[in-house]
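Comments concern the structure below.
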Number of protein chains: 2
Amino acid sequence: MYLIDEKSTIPLHIQLYEAFKDDIIKNYTVGEKLPSIRKIASLYNLSKNSVQSSYNQLYAEGYIESRPKRGYFVSDIYFDGFKSPKVTDETPKAKKKSYHYDFFPAQLSKDSFPLKTWKRIYNKVIDASLDFGAYHDGQGEEGLREQIASYLIDSRGVKCSSKEIVICSSFGESMGLLAKLIKDKYITLGMESPGYHVARRAFEEYGYEIAHIPVDENGIMIEALKSSDAKVVYITPSHQYPTGVAMPIANRLSLLAYIQSVQGLIIEDDYDSELSYKNRPIPSLQGLDNGDCVVYMGTFSKALSPAIRVSYMLLPKHLLARYHDSFDAYFPSVSLMTQKTLEAFMAQGHWDKHVRKIRTLNKKKHAIMIEALKRYLGDTFEIVAQGGGLAVLINPSVAFDWEKFRQRAEEEGIKLYFAKERCGGKFEAIRMGFGGFSEAGIEEAVEAFSLVWKEALL
Amino acid sequence: MYLIDEKSTIPLHIQLYEAFKDDIIKNYTVGEKLPSIRKIASLYNLSKNSVQSSYNQLYAEGYIESRPKRGYFVSDIYFDGFKSPKVTDETPKAKKKSYHYDFFPAQLSKDSFPLKTWKRIYNKVIDASLDFGAYHDGQGEEGLREQIASYLIDSRGVKCSSKEIVICSSFGESMGLLAKLIKDKYITLGMESPGYHVARRAFEEYGYEIAHIPVDENGIMIEALKSSDAKVVYITPSHQYPTGVAMPIANRLSLLAYIQSVQGLIIEDDYDSELSYKNRPIPSLQGLDNGDCVVYMGTFSKALSPAIRVSYMLLPKHLLARYHDSFDAYFPSVSLMTQKTLEAFMAQGHWDKHVRKIRTLNKKKHAIMIEALKRYLGDTFEIVAQGGGLAVLINPSVAFDWEKFRQRAEEEGIKLYFAKERCGGKFEAIRMGFGGFSEAGIEEAVEAFSLVWKEALL
């Protein structure tokens, strides 16, 4: 009756359990009595312990129930639902289209990550002195926060200490965390228009209203903000996303004065701070604030790697208290390995060196992109934004068949990115990412791009 | 007038910029005209380019403005706000109290992480073939998802393929993501009471109502759920948090039938699945579902390491479509290094071996804890939950002075954890975590604990 293999590596009581289960499903009805443990043991020459163990398991899973002094009975369960697990249908994967030229605007070239240094440091700092059995500081490791603080003080004019820094895995996570922290106090988020969709969405998901505040050549229009309901405002003052404009100091101070007067909050996203190709990057707005009303956000995605998943946020003191009050639900989202490696990478001066290298490299690519655009597109285009980041934004300066342009680019395997797709609103520009190309690759890509472009000229 | 050091490594135009800025702040008034570029260049024997560069920077930062054909003038900016950045006060850090004995219930022992294997694999798989300049699959790397899928199929009776798996950095992140995905459809979350506070909070933060459904010796009470408004329900069926009860199969099927009938959703948190010390862990509830109404959640925190920050969630197909529709705002929250290392760790069979080792190790510690409790507390206590995880839950079985107990434990440097602190509600138990202790350490800790315990007996 039961198929038991005594030489199997599967323990006897589990073989018994499987056999009984099969038997119950196939041959028993609900409420039917099962043979006693003693009877089965003697009938099949098994130990009572093994039979008891298998019955225990059947009991735990609800197949059988025990009635005091009467024995074991088949439970009233719905056998229908209990089919053996199977992998669901393996429909062929949707093939991802591959492109000849991909102008993705948030890409660094593959060889720009300092892999050898990173691995050397990893191998040195990741050792048995670290406790991988425990949860660690939800705010991020103290040592890494110290490194970030001193970097921000030196290079971005930020006022901070490690105590105010929170390590996250992404800008989106930081924004979500912030949206949670302040949702009792604020209802409306002021967003640059056009602006960064990830910021907007993080707040929308927590039920905030969005006030779209227009951007002009000096960044967000402060008068428009004043006449809106928003007391919290998200801005990218160093290098507005996507228009690339920088907010002059007069506007920064006037925005700060306004936000302080309404007890509001400025969220300063300094995402491209390391990739400014002007004389010198403008210091942070946070550094001008004496009223504790700026949340500063930064990331390692743009200058180091989007694949290591580390960003950070600097909270003003009053929010820090709130953050700690609700702390127990937050765990660090970055692994201890990554934090420790990044900390040593910074402490040993590699980060500063790397930023200089990446800035020089991409400044050159930025120039090559502009040169190539001028050479291949002549006077049929205008530059909408330049001077920082990993893309130059352009538009046609002559009559243009957008529909044909998009279609032909797709046909020719040229992947394009448009500002409107990411930002909504009326602002449109083609985002000519250069970070992922080699220097020679930019020339080649723009040449291919120009053929499609010329077909679209009216 | 200007202090320029031609031998400095600081570029000339930056030295000029600093000198001009200083001069403007100290010696100029708003609206005053600056000397022309030509004049300064000839006066101090400098190149016009260098002077122009420094003026450009001053202009970009808003210190000066340019009036066509008239030259440069000092801007109307609020100098007050522009002080040089300083580190904020370095108040001494709040000292974290250190304890002699810490019964933290979610701790693995420090030496249980397979560090040597992990590093060996890391060094092998992390190489230049990986692209650290790019963003990667927001759902997690395909290869890691495949490993997790086949693990779940084999060991937990889960029905899935890699396509349905989403990699996250924590259970809390998974819950937040899910709360976002379904918030248009559901208003109320049914929570086990007592239950896991992190699950509740993730949904509360998105504005859900919470229906507290009591738990009895068979897990969540299905009749109570039926009479509530909740069509989404969060459960821990294998090992209820915190009571430790397992839901019998009859209840599982009846819960599934109900949730299917109301087009609801079951969130199955299988957090302690690897740490079951009974005959065999009960297969997942998800594996019984034929109606695509179970979201399955798991984590590597409990059996591998809470410091590597990897968890996963398995979405039913209808939610997967929703997830992909809103995909562009989500980036993977786990680094490419961690994902690739974990993938190879699993593919090479280390994960299976590790789980067996950790289970055996902690099953032993679990038995030692119970033994020690019996020896030192005698018949003054009762076990409330046992048989899985990293803690045994106990309560006094005799009259007890809780206040004194807590106070004396604190004085003696014994860190205790109480179920009510984490779960709210009326359920109370002392959570005797054993995972962080060595085998000998458990004995010692329980002995120290028993001295305080005895003082609290009435």
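Labels used: A, B, ... for chains in the order of the structure tokens, numbers from 1 for residues in each chain, and numbers from 1 for ligands as shown.
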Could you give me, as a PyMOL selection string, the residues within 12 Å of range 359-366 of chain B, counting only C-alpha atoms and dropping anything in the same chain fewer than 6 positions from it?
chain B and resi 105+107-109+111-112+272-281+302-304+351-353+372-373+385-393+432-443
Counting only C-alpha atoms, what is within 9 Å of Ile182 in chain B, bar same-chain residues fewer than 5 positions away, as a ChimeraX atom specification?
/B:177,319,322
Range 4-6 of chain B surroundings by only C-alpha atoms, 12 Å radius, close-in-sequence under 2 positions cut, as a VMD selection string
chain B and resid 1 to 2 8 to 20 44 to 46
Alpha helix (DSSP H) positions in range 52-295 of chain A, given as a VMD selection string:
chain A and resid 52 to 60 115 to 125 142 to 156 171 to 181 197 to 204 222 to 226 249 to 261
Using C-alpha atoms, can you write the selected residues to a file as a short mmCIF file (atom, residue, chain, number, x, y, z; two decimals), in the first residue's frame?
```
data_model
loop_
_atom_site.label_atom_id
_atom_site.label_comp_id
_atom_site.auth_asym_id
_atom_site.auth_seq_id
_atom_site.Cartn_x
_atom_site.Cartn_y
_atom_site.Cartn_z
CA GLN A 52 3.51 9.72 14.93
CA SER A 53 5.77 12.30 13.24
CA SER A 54 4.05 11.92 9.92
CA TYR A 55 0.62 12.17 11.57
CA ASN A 56 1.80 15.32 13.38
CA GLN A 57 2.70 16.88 10.09
CA LEU A 58 -0.64 15.94 8.52
CA TYR A 59 -2.31 17.42 11.56
CA ALA A 60 -0.28 20.63 11.38
CA LEU A 115 35.96 48.87 -10.49
CA LYS A 116 39.49 47.86 -9.55
CA THR A 117 39.74 50.40 -6.74
CA TRP A 118 36.24 49.53 -5.55
CA LYS A 119 37.01 45.81 -5.37
CA ARG A 120 40.36 46.38 -3.70
CA ILE A 121 38.67 48.44 -1.00
CA TYR A 122 35.79 45.98 -0.68
CA ASN A 123 38.20 43.14 -0.07
CA LYS A 124 40.01 45.14 2.56
CA VAL A 125 37.11 46.57 4.54
CA GLU A 142 27.88 56.94 10.89
CA GLY A 143 31.23 56.78 9.07
CA LEU A 144 29.68 57.10 5.63
CA ARG A 145 27.48 59.95 6.80
CA GLU A 146 30.60 61.74 8.05
CA GLN A 147 32.30 61.35 4.69
CA ILE A 148 29.27 62.69 2.85
CA ALA A 149 28.94 65.61 5.26
CA SER A 150 32.52 66.71 4.78
CA TYR A 151 32.26 66.34 1.01
CA LEU A 152 29.13 68.51 0.94
CA ILE A 153 30.68 71.14 3.20
CA ASP A 154 33.83 71.39 1.08
CA SER A 155 32.41 71.12 -2.38
CA ARG A 156 28.83 72.36 -2.18
CA PHE A 171 16.25 59.88 -4.85
CA GLY A 172 12.76 58.43 -5.17
CA GLU A 173 13.09 56.70 -1.82
CA SER A 174 14.31 59.92 -0.18
CA MET A 175 11.37 61.83 -1.62
CA GLY A 176 8.93 59.18 -0.43
CA LEU A 177 10.42 59.25 3.05
CA LEU A 178 10.17 63.03 3.14
CA ALA A 179 6.60 62.99 1.81
CA LYS A 180 5.69 60.70 4.71
CA LEU A 181 7.47 62.82 7.30
CA HIS A 197 8.44 63.57 -12.75
CA VAL A 198 9.93 61.28 -10.09
CA ALA A 199 9.74 64.08 -7.52
CA ARG A 200 6.15 64.87 -8.40
CA ARG A 201 5.05 61.24 -8.33
CA ALA A 202 6.61 60.52 -4.94
CA PHE A 203 4.43 63.23 -3.43
CA GLU A 204 1.33 62.42 -5.46
CA ILE A 222 8.91 83.05 -7.18
CA GLU A 223 5.93 85.36 -7.65
CA ALA A 224 3.95 82.48 -9.13
CA LEU A 225 4.90 80.34 -6.14
CA LYS A 226 3.72 83.06 -3.76
CA ILE A 249 21.68 84.19 -5.95
CA ALA A 250 19.17 87.03 -5.73
CA ASN A 251 16.36 84.59 -6.52
CA ARG A 252 17.72 82.06 -4.09
CA LEU A 253 17.72 84.57 -1.27
CA SER A 254 14.31 85.86 -2.14
CA LEU A 255 12.92 82.30 -2.28
CA LEU A 256 14.51 81.53 1.09
CA ALA A 257 13.05 84.66 2.63
CA TYR A 258 9.58 83.77 1.37
CA ILE A 259 9.70 80.16 2.49
CA GLN A 260 11.00 81.18 5.91
CA SER A 261 8.18 83.69 6.25
#
```
Please report, as number ranges by chain, each residue of range 265-412 of chain A to which DSSP assigns strand (DSSP E or B) when run on this structure's backbone.
A: 265-269, 276, 294-299, 311-314, 381-385, 388, 391-396, 400
One decimal, in Å: what's the spacing between CA of Glu268 in chain B and CA of Lys340 in chain B?
26.6 Å
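The residue that comes closest to chain B, out of A:Glu32, A:Asp184, A:Glu444, A:Asp289 and on the basis of only C-alpha atoms, is A:Asp289.
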Which neighbours of His350 in chain A fall inside 9 Å, counting only C-alpha atoms, when residues of the same chain fewer than 5 positions from it are skipped, and could you give them as a list of chain:residue names?
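With the cut-off at 9 Å, the set is A:Pro114, A:Thr117, A:Ala344, A:Phe345, A:Val355.
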For the selection just defined, write its residues with N, CA and C atoms to a file, as an mmCIF file, in the first residue's frame.
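File written: again_11.cif
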```
data_model
loop_
_atom_site.group_PDB
_atom_site.id
_atom_site.type_symbol
_atom_site.label_atom_id
_atom_site.label_comp_id
_atom_site.auth_asym_id
_atom_site.auth_seq_id
_atom_site.Cartn_x
_atom_site.Cartn_y
_atom_site.Cartn_z
ATOM 1 N N PRO A 114 35.136 53.003 -11.225
ATOM 2 C CA PRO A 114 36.479 52.608 -10.766
ATOM 3 C C PRO A 114 36.470 51.216 -10.134
ATOM 4 N N THR A 117 39.608 49.741 -8.052
ATOM 5 C CA THR A 117 39.736 50.397 -6.744
ATOM 6 C C THR A 117 38.625 49.936 -5.810
ATOM 7 N N ALA A 344 35.060 54.005 2.810
ATOM 8 C CA ALA A 344 36.518 53.950 2.666
ATOM 9 C C ALA A 344 36.961 54.574 1.340
ATOM 10 N N PHE A 345 36.160 54.379 0.313
ATOM 11 C CA PHE A 345 36.442 54.983 -0.998
ATOM 12 C C PHE A 345 36.547 56.505 -0.868
ATOM 13 N N VAL A 355 35.467 62.265 -9.045
ATOM 14 C CA VAL A 355 34.581 63.340 -9.499
ATOM 15 C C VAL A 355 35.317 64.235 -10.501
#
```
Give me, as a list of chain:residue names, all polymer residues having an atom no more than 8 Å from Pro214 in chain A, counting only C-alpha atoms and skipping those fewer than 5 positions away in the same chain.
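Everything that qualifies: A:Glu192, A:Ser193, A:Pro194, A:Ile220, A:Met221, A:Ala224.
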Can you write out the residues you just picked, keeping C-alpha atoms, as an mmCIF file, in the first residue's frame?
```
data_model
loop_
_atom_site.group_PDB
_atom_site.id
_atom_site.type_symbol
_atom_site.label_atom_id
_atom_site.label_comp_id
_atom_site.auth_asym_id
_atom_site.auth_seq_id
_atom_site.Cartn_x
_atom_site.Cartn_y
_atom_site.Cartn_z
ATOM 1 C CA GLU A 192 8.938 73.354 -11.199
ATOM 2 C CA SER A 193 7.076 73.231 -14.516
ATOM 3 C CA PRO A 194 8.593 71.637 -16.502
ATOM 4 C CA ILE A 220 11.245 78.750 -10.691
ATOM 5 C CA MET A 221 9.127 81.922 -10.755
ATOM 6 C CA ALA A 224 3.946 82.476 -9.128
#
```
Counting only C-alpha atoms, what is within 7 Å of Ile430 in chain B, bar same-chain residues fewer than 4 positions away, as a PDB file with C-alpha atoms, in the first residue's frame?
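File written: part.pdb
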```
ATOM      1  CA  LEU B 393       7.796  33.825  23.608  1.00  0.00           C
ATOM      2  CA  ILE B 394       7.027  33.417  27.288  1.00  0.00           C
ATOM      3  CA  ASN B 395       4.845  34.860  30.013  1.00  0.00           C
ATOM      4  CA  TYR B 417      11.635  42.899  24.051  1.00  0.00           C
ATOM      5  CA  PHE B 418       7.899  42.769  24.530  1.00  0.00           C
ATOM      6  CA  ALA B 419       5.337  41.694  21.963  1.00  0.00           C
TER       7      ALA B 419
END
```
Out of B:Leu377, B:Val215, B:Val334, B:Met369, which residue has the shortest atom-to-atom distance to His239 in chain B when counting only C-alpha atoms?
B:Val215
Kindly indicate which residue among B:Val398, B:Ile24, B:Lys183, B:Tyr72 lies nearest to Glu205 in chain A, using only C-alpha atoms for the distances.
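Among the listed residues, B:Lys183 lies closest to Glu205 in chain A.
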Taking only C-alpha atoms into account, which of A:Thr243, A:Ser75, A:Gln139, A:Ser397 comes nearest chain B?
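Answer, going by the shortest atom-to-atom distance: A:Ser75.
Considering the residues A:His100, A:His136, A:Lys48, A:Lys7 and counting only C-alpha atoms, chain B has its shortest atom-to-atom contact with A:His136.
In this structure, CA of Glu382 in chain A sits 20.8 Å away from CA of Arg408 in chain A.
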Rounded to one decimal place, report the CA of Ile210 in chain B-CA of Val294 in chain B distance in Å.
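We find that CA of Ile210 in chain B and CA of Val294 in chain B lie 18.8 Å from each other.
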Shortest interatomic distance to chain A - which of B:Lys33, B:Arg422, B:His318, B:Lys26, counting only C-alpha atoms:
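Checking each candidate against chain A, we get B:Arg422 as the closest.
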